[in-house]
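What follows is a single structure, written as C-alpha cells, with notes after it.
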Amino acid sequence: MGGHVSEKAASFVQESSEWVRKPRGIDANLKNYGKVYKTFKWKNAEKEFDWHKTKKVNVVHEMIDRHANSARKDKTALHYWDPAPSAGNPRGREEKYTFLDLKDQSSRFGNVLKKFGVKKGDRVAVFLPRTPELYISILGINRLGASPVPLVEAFMEEALFDRLSNSEASAVVTAPALLSRIPFKKLPSLKHLFLAGEKDAAGFECPGGVDAHDYFEEVQSASPSLAPVWLSLDDGLVIHYTSGSTGRSKGVLHRQYAMVGHYQTAKWALDLGDDDVYWCTADPGWVTGTSYGIYGPWTLGISSLVLGGRFSAELWYRAIEKYKVSMWYSAPTAFRLLMSQGKELAKKFNLKSLRHICSVGEPLNPEALRWVRDLTGIAPHETWWMTETGMQIVCNYRSLDFKIGSTGKSFPGTVASIIDDKGREVPPNTLGNLAVKTGWPSMMTEIWGNKEKYDEYFRIKGWYLSGDTAYKDKDGFIWFAGRADDVIKTAGERVGPFEVESALVQHPAVAEAGVIGKPDAVRGQIIKAYISLRQGHSASETLKKEIADFVKRTMAGHAAPREIEFCERVPKTRSGKIMRRVLRAWDQGLPVGDTSTMEE
Ligand code: 6R9
C-alpha cells in the first residue's frame with residue numbers, strides 16, 4: 001500500500017464519458033442524491049432499528065425476530081434452489097423459509113451451540129457449501145452473540161489451518177464430505193464439530209478432543225425458542241478472512257453497529273423494497289455474501305434467493321426466470337462468463353422481472369456493462385467497497401445519471417476521496433490513493449490479533465487507506481485505476497500472492513516462487529507464478545500441472561496458478577523481497593525499470 005502513485009498519473013486517461021441517463025422522477029428509494037448527501041446523518045438511520053428504543057442489541061433480532069413477530073412473519077425470507085441431484089436428494093433441493101421458519105431454525109441451532117458451551121464472543125467457523133444450513137448456522141451463531149467465521153467450501157487444509165488457528169474457533173459447522181480437510185490435531189482450541197450434510201458412506205473419524213455432532217439430529221430435538229443474547233453496538237458481528245500483499249490472511253472483525261450501514265446501503269444503493277425478489281450471487285465466505293446476502297437484505301425484511309451448486313449460465317438465467325428475480329447483485333466476471341456463452345442462450349429465458357442490477361468486486365468494463373444492458377434493458381450499477389469497509393462506499397445510484405466505466409460517488413454519510421501519500425486531497429483528474437474518512441458504521445474494528453496491521457490502514461490521520469488507486473473527475477465521479485499493492489483479484493476473489501507463494505515452495509520441485517496477477521479478459525486477473533526449480537528437477541508441462549494441482553489440494557482451487565513460467569531465479573531485492581514489479585514487466589514484455597535494489 002501507499003505506492004508511488006504519481007508515476008502512473010501521466011499515463012492515465014479517462015476511458016469514457018458516455019452517460020447512462022435516468023428518467024426523471026424514477027421511483028427509487030433514494031430520490032435526490034445531491035440533496036440527501038448534504039443532509040444525511042447516520043443517526044437518522046438508527047431510528048429504523050428496535051434497539052434504538054429498547055437498547056437491546058442483536059442483529060438477529062433486527063433481521064429475523066422482529067419480522068417474525070410482525071405481518072412479515074409468513075413472508076419468504078429465503079428461497080433455496082439447488083437442482084443438482086445428490087445421494088440424499090436425488091431431485092436436488094428446493095426449499096422455502098419464512099422469517100418465522102428462520103426464527104425457529106436459528107433458535108434451535110443457537111440452543112444446540114449453547115448446550116455445547118458456545119457463548120458470547122466465541123468464534124464459530126462455518127465451512128459449508130451454499131445450503132440453507134449455512135445461513136441458519138450463521139443466524140444461530142449471531143443469536144448467541146458469538147461471531148461467525150464463514151469459510152468458502154473451496155478451502156483445503158493449509159487455508160483452513162491458517163484461519164481456524166488464527167481465529168481460535170471453538171467449533172466448526174461443516175459437512176462430512178469436507179471433514180477430512182480440517183486438521184484437528186493442530187487446532188487445540190477446536191472442541192466441537194457440527195456435521196450438516198449428507199453422511200458419506202465411509203464414515204468419519206474424529207481424533208482426540210473433538211466431539212462430532214449430527215447437526216440435523218441435534219436441531220430436531222432442540223427447543224425452537226431462544227431469545228437473542230443482548231449485546232452492545234461494539235460487540236462482534238462477523239469475522240472475514242481476507243488477503244493482503246504480505247503475510248498470511250487476516251481476520252477482519254466487524255461490529256454489531258455495522259448493521260446500520262448494511263441496512264441503509266441495501267436500501268439506497270441496492271434499492272431494495274418489500275416486493276423485491278433479490279438475488280446476491282456471492283457466497284457468504286466472502287463479505288458480499290454476508291453484508292448483502294444476509295445482514296442488509298434481511299434487516300430490510302426482503303425475500304432472497306440462494307442458489308446452490310456451481311456457476312452455470314443456463315442455470316443462472318433459469319433462476320432469474322423461475323423466481324422472477326427483480327434485483328440482482330453480481331460481479332463483472334460473472335457477467336463476462338455469461339457474455340462468453342452468447343446471447344442466444346440468454347434469449348431463451350424471460351428476464352423481464354429484473355428492475356435493478358448492481359456489480360461489485362472488480363472494475364466493470366464498459367463492454368460487459370453494455371452487454372448486460374442490451375440483454376436486460378438495465379445497466380449494472382457499480383458499487384465499490386472492501387472486506388474492511390464492510391459496506392458499499394462508492395456507488396452509482398438508481399436515480400442518478402452516471403458515466404459508463406466510473407465507480408460512482410460516495411454513499412451519503414461517507415466521504416471517499418483521493419489523497420496523496422501525505423494525506424493531502426489531490427485536484428480533479430489526478431491519480432492518488434482512494435481513501436475514506438474514518439467513522440462510517442461498518443468500518444472494521446479489528447484485524448484479529450494484529451493491531452499493527454490494523455493501524456497500517458489508518459496511518460494517515462482521519463483516513464482509511466484502501467490500497468486502491470483512483471481519481472475523481474471534475475463532475476465528482478470516482479474512477480478506479482488499480483491496486484497500489486500486489487493484491488490479486490481473480491474472478492472477483494481477493495488472493496494474496498504471499499499465501500500462494502508459501503504454498504508453492506512446499507512442493508518438492510520448487511526452489512523459489514513469485515506470484516502476480518496477470519490481466520485476463522474474463523477473470524479480470526489470473527494468478528501467474530514464476531518458479532525456479534530445485535536441482536535435479538527439470539521444467540516440463542507435466543510438472544507445471546503437478547505444481548498447480550498441488551496448490552489446489554493444499555490451499556484452494558481459486559488460489560492455484562493458471563499460468564506457470566519457469567525461470568532461473570526469482571528476482572528479489574537485496575533484503576530478500578520478491579520484486580513482483582519485475583515479474584509483471586517480464587510477463588508483459590516491458591522494460592523492467594529501475595533494478596538498483598535487486599540482488600546480484
Ligand atoms: C466487496 C469486495 C476489495 C477490492 C478493492 C478493489 C476491488 C471491489 C470494486 C473493485 C473496482 C469495483 N473492488 N469493488 N474494483 N470496481 N466496483 O470486493 O471486497 O474482496 O475485500 O475486495 O476489490 O480493489 O480494494 P474484497
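All residue names refer to the C-alpha cells as shown: chains lettered A, B, ... in order, residues numbered from 1 in each chain, ligands numbered from 1 in order.
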Item checked: Those in region 437-557 of chain A with strand (DSSP E or B) from DSSP, as a ChimeraX atom specification -> /A:437,446-447,463-472,478-483,488-490,493-495,510-520,524-533
Would you give me, as a Markdown table, each residue of chain A having an atom within 7 Å of an atom of ligand 1, along with its shortest atom pair and that distance in Å to one decimal, using only C-alpha atoms and all ligand atoms and sorting by chain and residue number?
```
| residue | atom | partner | partner_atom_place_in_ligand_line | distance |
| --- | --- | --- | --- | --- |
| A:Thr242 | CA | ligand 1 | 21 (O) | 6.4 |
| A:Trp286 | CA | ligand 1 | 20 (O) | 6.6 |
| A:Val287 | CA | ligand 1 | 1 (C) | 6.2 |
| A:Thr288 | CA | ligand 1 | 1 (C) | 5.5 |
| A:Ser359 | CA | ligand 1 | 17 (N) | 6.5 |
| A:Val360 | CA | ligand 1 | 14 (N) | 4.5 |
| A:Gly361 | CA | ligand 1 | 18 (O) | 3.5 |
| A:Glu362 | CA | ligand 1 | 15 (N) | 3.6 |
| A:Pro363 | CA | ligand 1 | 11 (C) | 3.6 |
| A:Leu364 | CA | ligand 1 | 16 (N) | 6.4 |
| A:Glu382 | CA | ligand 1 | 17 (N) | 5.0 |
| A:Thr383 | CA | ligand 1 | 17 (N) | 4.5 |
| A:Trp384 | CA | ligand 1 | 17 (N) | 3.7 |
| A:Trp385 | CA | ligand 1 | 1 (C) | 4.9 |
| A:Met386 | CA | ligand 1 | 19 (O) | 3.5 |
| A:Thr387 | CA | ligand 1 | 21 (O) | 3.7 |
| A:Glu388 | CA | ligand 1 | 21 (O) | 6.4 |
| A:Thr407 | CA | ligand 1 | 17 (N) | 5.8 |
| A:Ser466 | CA | ligand 1 | 25 (O) | 6.0 |
| A:Gly467 | CA | ligand 1 | 25 (O) | 6.3 |
| A:Asp468 | CA | ligand 1 | 25 (O) | 5.4 |
| A:Phe480 | CA | ligand 1 | 11 (C) | 5.5 |
| A:Gly482 | CA | ligand 1 | 24 (O) | 6.5 |
| A:Arg483 | CA | ligand 1 | 24 (O) | 5.8 |
| A:Lys489 | CA | ligand 1 | 23 (O) | 6.6 |
| A:Gly492 | CA | ligand 1 | 18 (O) | 6.5 |
| A:Glu493 | CA | ligand 1 | 20 (O) | 5.6 |
| A:Arg494 | CA | ligand 1 | 20 (O) | 4.9 |
```
Item checked: Residues within 7 Å of Phe127 (chain A), only C-alpha atoms, excluding chain neighbours under 2 positions, as an MDAnalysis selection string -> chainID A and resid 125 150:153 172:174
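Across the model, the gap from CA of Tyr135 (chain A) to CA of Asp234 (chain A) is 22.8 Å.
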Next item on the list: Would you kindly return, as a list in words, each protein, DNA or RNA residue with an atom no farther than 12 Å from any atom of Phe116 (chain A), considering only C-alpha atoms and excluding same-chain residues fewer than 6 positions away?
Entry: Phe109, Gly110, Ser170, Ala171, Lys191, His192, Leu193, Phe194, Val210, Asp211, Ala212, His213 and Glu218 of chain A
Would you put the residues from that selection into a file with N, CA and C atoms, as a tab-separated table (two decimals), in the first residue's frame?
```
chain	number	residue	atom	x	y	z
A	109	PHE	N	-30.74	-24.01	16.48
A	109	PHE	CA	-29.29	-24.21	16.37
A	109	PHE	C	-28.55	-23.42	17.46
A	110	GLY	N	-29.08	-22.25	17.80
A	110	GLY	CA	-28.49	-21.49	18.90
A	110	GLY	C	-28.51	-22.31	20.19
A	170	SER	N	-13.86	-22.24	18.40
A	170	SER	CA	-14.07	-23.35	19.32
A	170	SER	C	-14.97	-24.41	18.70
A	171	ALA	N	-15.63	-24.07	17.61
A	171	ALA	CA	-16.49	-25.04	16.93
A	171	ALA	C	-16.50	-24.74	15.44
A	191	LYS	N	-13.16	-27.55	19.72
A	191	LYS	CA	-13.74	-28.53	20.64
A	191	LYS	C	-14.90	-29.30	20.02
A	192	HIS	N	-15.67	-28.63	19.15
A	192	HIS	CA	-16.90	-29.27	18.64
A	192	HIS	C	-17.04	-29.12	17.13
A	193	LEU	N	-17.58	-30.20	16.55
A	193	LEU	CA	-17.89	-30.16	15.13
A	193	LEU	C	-19.36	-30.45	14.97
A	194	PHE	N	-20.02	-29.68	14.12
A	194	PHE	CA	-21.43	-29.96	13.81
A	194	PHE	C	-21.50	-30.33	12.34
A	210	VAL	N	-11.98	-33.75	20.05
A	210	VAL	CA	-13.05	-33.09	19.30
A	210	VAL	C	-14.31	-33.94	19.32
A	211	ASP	N	-15.44	-33.31	19.62
A	211	ASP	CA	-16.71	-34.03	19.60
A	211	ASP	C	-17.45	-33.71	18.33
A	212	ALA	N	-17.90	-34.74	17.64
A	212	ALA	CA	-18.68	-34.52	16.43
A	212	ALA	C	-20.15	-34.75	16.72
A	213	HIS	N	-21.00	-33.83	16.25
A	213	HIS	CA	-22.44	-33.93	16.48
A	213	HIS	C	-23.17	-33.86	15.16
A	218	GLU	N	-29.45	-32.96	16.23
A	218	GLU	CA	-29.42	-32.01	17.35
A	218	GLU	C	-30.48	-30.92	17.19
```
Note to self: Just want the 7 Å neighbourhood of Leu504 (chain A), counted on only C-alpha atoms, with same-chain residues fewer than 6 positions away dropped. Output as an NGL selection string.
What the structure shows: :A and (510 or 513 or 551)
Selection to disk with N, CA and C atoms, as a PDB file, in the first residue's frame:
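Written file, selection.pdb:
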```
ATOM      1  N   VAL A 510      10.016 -27.111  -6.165  1.00  0.00           N
ATOM      2  CA  VAL A 510      10.080 -25.647  -6.241  1.00  0.00           C
ATOM      3  C   VAL A 510      11.137 -25.077  -5.292  1.00  0.00           C
ATOM      4  N   ALA A 513       9.429 -19.046  -5.601  1.00  0.00           N
ATOM      5  CA  ALA A 513       8.234 -18.728  -6.384  1.00  0.00           C
ATOM      6  C   ALA A 513       7.851 -17.275  -6.185  1.00  0.00           C
ATOM      7  N   VAL A 551      -1.182 -26.910  -5.343  1.00  0.00           N
ATOM      8  CA  VAL A 551      -1.786 -25.739  -4.684  1.00  0.00           C
ATOM      9  C   VAL A 551      -3.296 -25.939  -4.517  1.00  0.00           C
TER      10      VAL A 551
END
```
Next item on the list: Please report, as a ChimeraX atom specification, each residue of region 484-600 of chain A to which DSSP assigns alpha helix (DSSP H) when run on this structure's backbone.
Entry: /A:497-504,541-554,580-588
Write out as CSV the residues of region 266-302 of chain A that have any atom within 10 Å of an atom of region 52-60 of chain A, one row each with the nearest atom pair and its distance in Å to one decimal, counting only C-alpha atoms, sorted by chain and then rising number.
```
residue,atom,partner,partner_atom,distance
A:Tyr295,CA,A:Val59,CA,7.7
A:Trp298,CA,A:Val60,CA,9.2
A:Thr299,CA,A:Val59,CA,7.9
```
Notebook entry, point to check: With distances taken over only C-alpha atoms, which of A:Ile141, A:Val515, A:Ile136, A:Val252 is nearest to Lys451 (chain A)?
Noted result: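 Once distances to Lys451 (chain A) are computed over only C-alpha atoms, the minimum belongs to A:Val252.
Comparing the minimum interatomic distances between Arg123 (chain A) and each of A:Asp27, A:Trp448, A:Tyr329, A:Glu344, counting only C-alpha atoms, we find that A:Trp448 sits nearest.
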Check: Within 10 Å of Trp463 (chain A), counting only C-alpha atoms, which residues qualify if same-chain residues fewer than 6 places away don't, as a VMD selection string?
Finding: chain A and resid 415 to 417 419 423 434 to 439 457
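Interatomic distance, CA of Glu62 (chain A) to CA of Glu48 (chain A): 9.4 Å.
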